[in-house]
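Everything on this sheet refers to the single structure shown next.
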Amino acid sequence: MVQTALGIKERRFTAHSGVWGAGIVGAAQMARLAIQSGQADVVLTYFGVDFGSSPGGPYALHAVDPLKASLEMPVGWYGQPLYFASIAQRYAYEYGLRPEQLGELAIAARKHAALTPGALRPQALDLEGYLASPMIAEPLRAADCCLVNDGAAAVVYTSLERARDLAKDPIVVAGVGTASAPISQSSYFTQHRNYLGTPATLSSQKAFGEAGLSIDEVDFAEIYDCFTITDIMQIEDLGFCGKGEGAAFVEGGRTGPGGAMPINTHGGSLAHSYLLGANHVVEAVRQLRHERGSGQVAKAEVGLVAGLGVPDHTTLLLTVDR
């Protein structure tokens with residue numbers, strides 16, 4: 001359908017990439033392999049979702065899982081907010097977690113969204129407003145939860161040689177790493193032994209090693225943020241700080257506009273749109289091309305995109321060829 005709609009006459013390479021957010025970000029790896037091997041000259045990666053207009057939205061995906069329907073739902077263990085609220089509760093028990101720390105991420109997301117044309121939730125949010133946000137699954141409030149919407153995004157890949165002849169600065173896939181926890185998606189939220197960890201510890205090592213870059217060289221990050229707690233977990237596992245230090249790391253407006261480490265500079269899934277990270281890749285490209293106007297990160301040269309799709313994770317490092 002996509003080929004026909006776009007008038008593509010010859011489709012030489014077709015592939016499907018991985019699990020949810022990890023697969024969407026990991027499409028960069030498949031596109032690069034196809035181009036480098038000569039299987040394709042230009043690769044279009046795309047993703048669309050109709051959660052906003054489909055009955056049940058993202059909840060329906062887990063409702064049809066036989067294991068969840070048989071073993072989890074009968075005892076009330078159902079729904080993504082509940083899954084991640086339990087992780088947040090465990091995090092609070094192990095390391096300490098105050099509502100104000102989760103609020104930092106929700107507030108920063110709104111500030112970024114206010115600077116982003118087309119963001120779905122650009123309304124201002126302060127700490128008082130955050131604390132007044134309805135509790136969905138303790139400690140996660142409505143402001144801690146991602147949007148549910150329809151939408152689509154796409155990225156085009158080609159060789160660097162060819163891209164240098166195009167009108168805009170090429171954005172280079174400097175490093176990409178994928179990793180997976182040794183557990184099924186069905187069992188992840190109840191049986192995962194590393195309950196507070198993500199495979200970002202491994203995917204980031206691969207990506208940084210391939211790129212020859214360090215975490216200190218990253219100018220901004222677009223991190224999969226279905227809930228605020230997932231930001232904190234990945235911030236730690238990607239190497240921005242130590243384990244248990246993520247909640248303190250985000251304090252003081254560090255992740256907001258003008259902060260020391262801007263995160264989800266379009267508002268992310270919390271305030272821009274929920275496209276499972278596809279819009280995060282697009283935003284990283286726009287930041288590196290310095291196309292973001294008042295939302296631009298100053299002197300952005302290295303961007304990180306993190307895609308979570310339990311049990312998988314992908315870390316993508318992008319640089320600009322000027």
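In the structure tokens, the first chain shown is A, the next is B, and so on; residue numbers restart at 1 for each chain, and ligands run from 1 in the order shown.
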
Restrict the calculation to only C-alpha atoms, then for each residue of range 95-121 of chain A with any atom at most 9 Å from an atom of range 281-295 of chain A give the closest atom pair and their distance in Å to one decimal, rows by chain and rising residue number, as a tab-separated table.
residue	atom	partner	partner_atom	distance
A:His112	CA	A:Gly295	CA	6.8
A:Ala113	CA	A:Gly295	CA	8.7
A:Ala114	CA	A:Gly295	CA	8.6
A:Leu115	CA	A:Gly295	CA	5.1
A:Thr116	CA	A:Gly295	CA	6.5

Same residues, C-alpha atoms, output as a PDB file, in the first residue's frame:
ATOM      1  CA  HIS A 112       9.714  21.504  25.229  1.00  0.00           C
ATOM      2  CA  ALA A 113       6.280  20.906  23.695  1.00  0.00           C
ATOM      3  CA  ALA A 114       5.414  24.589  24.010  1.00  0.00           C
ATOM      4  CA  LEU A 115       8.350  25.293  21.671  1.00  0.00           C
ATOM      5  CA  THR A 116       7.346  22.619  19.163  1.00  0.00           C
TER       6      THR A 116
END

Item to complete: Mind the document's chain letters and residue numbers, and return as a count of residues only the residues of range 176-317 of chain A that DSSP labels helix (DSSP H, G or I).
Response: 55

Hey, could you make a per-residue contact list for range 162-233 of chain A against range 23-34 of chain A with 8 Å as the cut-off, showing the nearest pair of atoms and its distance in Å to one decimal, counting only C-alpha atoms, sorted by chain and number, as a Markdown table?
| residue | atom | partner | partner_atom | distance |
| --- | --- | --- | --- | --- |
| A:Val173 | CA | A:Ala28 | CA | 7.3 |
| A:Val176 | CA | A:Gln29 | CA | 6.4 |
| A:Gly177 | CA | A:Gly26 | CA | 7.8 |
| A:Thr178 | CA | A:Gly26 | CA | 7.0 |

Keeping only all heavy atoms, take the residues you just selected and write them out as a PDB file, in the first residue's frame.
ATOM      1  N   VAL A 173      24.379   8.039  10.819  1.00  0.00           N
ATOM      2  CA  VAL A 173      24.214   6.997  11.828  1.00  0.00           C
ATOM      3  C   VAL A 173      25.616   6.633  12.307  1.00  0.00           C
ATOM      4  O   VAL A 173      26.312   5.819  11.701  1.00  0.00           O
ATOM      5  CB  VAL A 173      23.485   5.767  11.251  1.00  0.00           C
ATOM      6  CG1 VAL A 173      23.392   4.662  12.304  1.00  0.00           C
ATOM      7  CG2 VAL A 173      22.096   6.159  10.763  1.00  0.00           C
ATOM      8  N   VAL A 176      24.930   2.345  16.395  1.00  0.00           N
ATOM      9  CA  VAL A 176      23.629   1.806  16.780  1.00  0.00           C
ATOM     10  C   VAL A 176      23.849   0.459  17.445  1.00  0.00           C
ATOM     11  O   VAL A 176      24.649  -0.351  16.985  1.00  0.00           O
ATOM     12  CB  VAL A 176      22.678   1.698  15.561  1.00  0.00           C
ATOM     13  CG1 VAL A 176      23.272   0.830  14.467  1.00  0.00           C
ATOM     14  CG2 VAL A 176      21.312   1.191  15.975  1.00  0.00           C
ATOM     15  N   GLY A 177      23.165   0.247  18.554  1.00  0.00           N
ATOM     16  CA  GLY A 177      23.285  -1.012  19.269  1.00  0.00           C
ATOM     17  C   GLY A 177      21.930  -1.497  19.729  1.00  0.00           C
ATOM     18  O   GLY A 177      21.099  -0.711  20.172  1.00  0.00           O
ATOM     19  N   THR A 178      21.699  -2.787  19.596  1.00  0.00           N
ATOM     20  CA  THR A 178      20.468  -3.393  20.079  1.00  0.00           C
ATOM     21  C   THR A 178      20.808  -4.468  21.105  1.00  0.00           C
ATOM     22  O   THR A 178      21.870  -5.087  21.045  1.00  0.00           O
ATOM     23  CB  THR A 178      19.657  -4.018  18.929  1.00  0.00           C
ATOM     24  OG1 THR A 178      20.449  -5.035  18.297  1.00  0.00           O
ATOM     25  CG2 THR A 178      19.291  -2.973  17.901  1.00  0.00           C
TER      26      THR A 178
END

Fill in: Minimum-distance residue to Arg162 in chain A, chosen among A:Asp321, A:Asp41, A:Glu222, A:Asp237 (using only C-alpha atoms)
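The answer is A:Asp41, which sits nearest to Arg162 in chain A.
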
Worksheet item: Which of these residues is nearest to Val305 in chain A, using only C-alpha atoms: A:Gly175, A:Gly52, A:Pro199, A:Gly151?
Response: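 Residue with the minimum atom-to-atom distance to Val305 in chain A: A:Gly175.
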
Worksheet item: In terms of the shortest atom-to-atom distance over only C-alpha atoms, which of A:Thr4, A:Leu131, A:Ser186, A:Leu304 is closest to Ala63 in chain A?
Response: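 Under the stated criterion, the closest residue is A:Ser186.
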
Discussion item. If DSSP is run on the backbone, what residues of range 147-221 of chain A are strand (DSSP E or B)? A reply as a PyMOL selection string would be ideal.
Written reply: chain A and resi 150-158+171-180+220-221

Worksheet item: Taking only C-alpha atoms into account, which of A:Leu202, A:Ile171, A:Ala221, A:Leu61 comes nearest Arg254 in chain A?
Response: A:Ala221

Practice prompt. With a distance cut-off of 12 Å and only C-alpha atoms, select the neighbouring residues of Ala69 in chain A, excluding the residue or stretch itself and same-chain residues fewer than 5 positions from it, and output the selection as a list in words.
Written response: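 So the residues in contact are Tyr59, Ala60, Leu61, His62, Ala63, Val64, Pro74, Val75, Gly76, Trp77, Tyr78, Gly79, Ser186 and Ser187 of chain A.
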
Go ahead and write the selection's residues with C-alpha atoms as an mmCIF file, in the first residue's frame.
data_model
loop_
_atom_site.group_PDB
_atom_site.id
_atom_site.type_symbol
_atom_site.label_atom_id
_atom_site.label_comp_id
_atom_site.auth_asym_id
_atom_site.auth_seq_id
_atom_site.Cartn_x
_atom_site.Cartn_y
_atom_site.Cartn_z
ATOM 1 C CA TYR A 59 -4.509 -1.600 26.418
ATOM 2 C CA ALA A 60 -6.052 -3.892 23.809
ATOM 3 C CA LEU A 61 -2.608 -5.164 22.748
ATOM 4 C CA HIS A 62 -1.992 -6.819 26.099
ATOM 5 C CA ALA A 63 -5.589 -7.973 26.517
ATOM 6 C CA VAL A 64 -5.176 -10.458 23.670
ATOM 7 C CA PRO A 74 -7.918 -12.244 36.547
ATOM 8 C CA VAL A 75 -6.077 -10.848 39.589
ATOM 9 C CA GLY A 76 -6.236 -7.245 38.384
ATOM 10 C CA TRP A 77 -2.718 -7.021 36.982
ATOM 11 C CA TYR A 78 -3.576 -5.209 33.785
ATOM 12 C CA GLY A 79 -2.680 -2.004 32.012
ATOM 13 C CA SER A 186 4.507 -11.659 28.023
ATOM 14 C CA SER A 187 6.414 -12.327 31.246
#
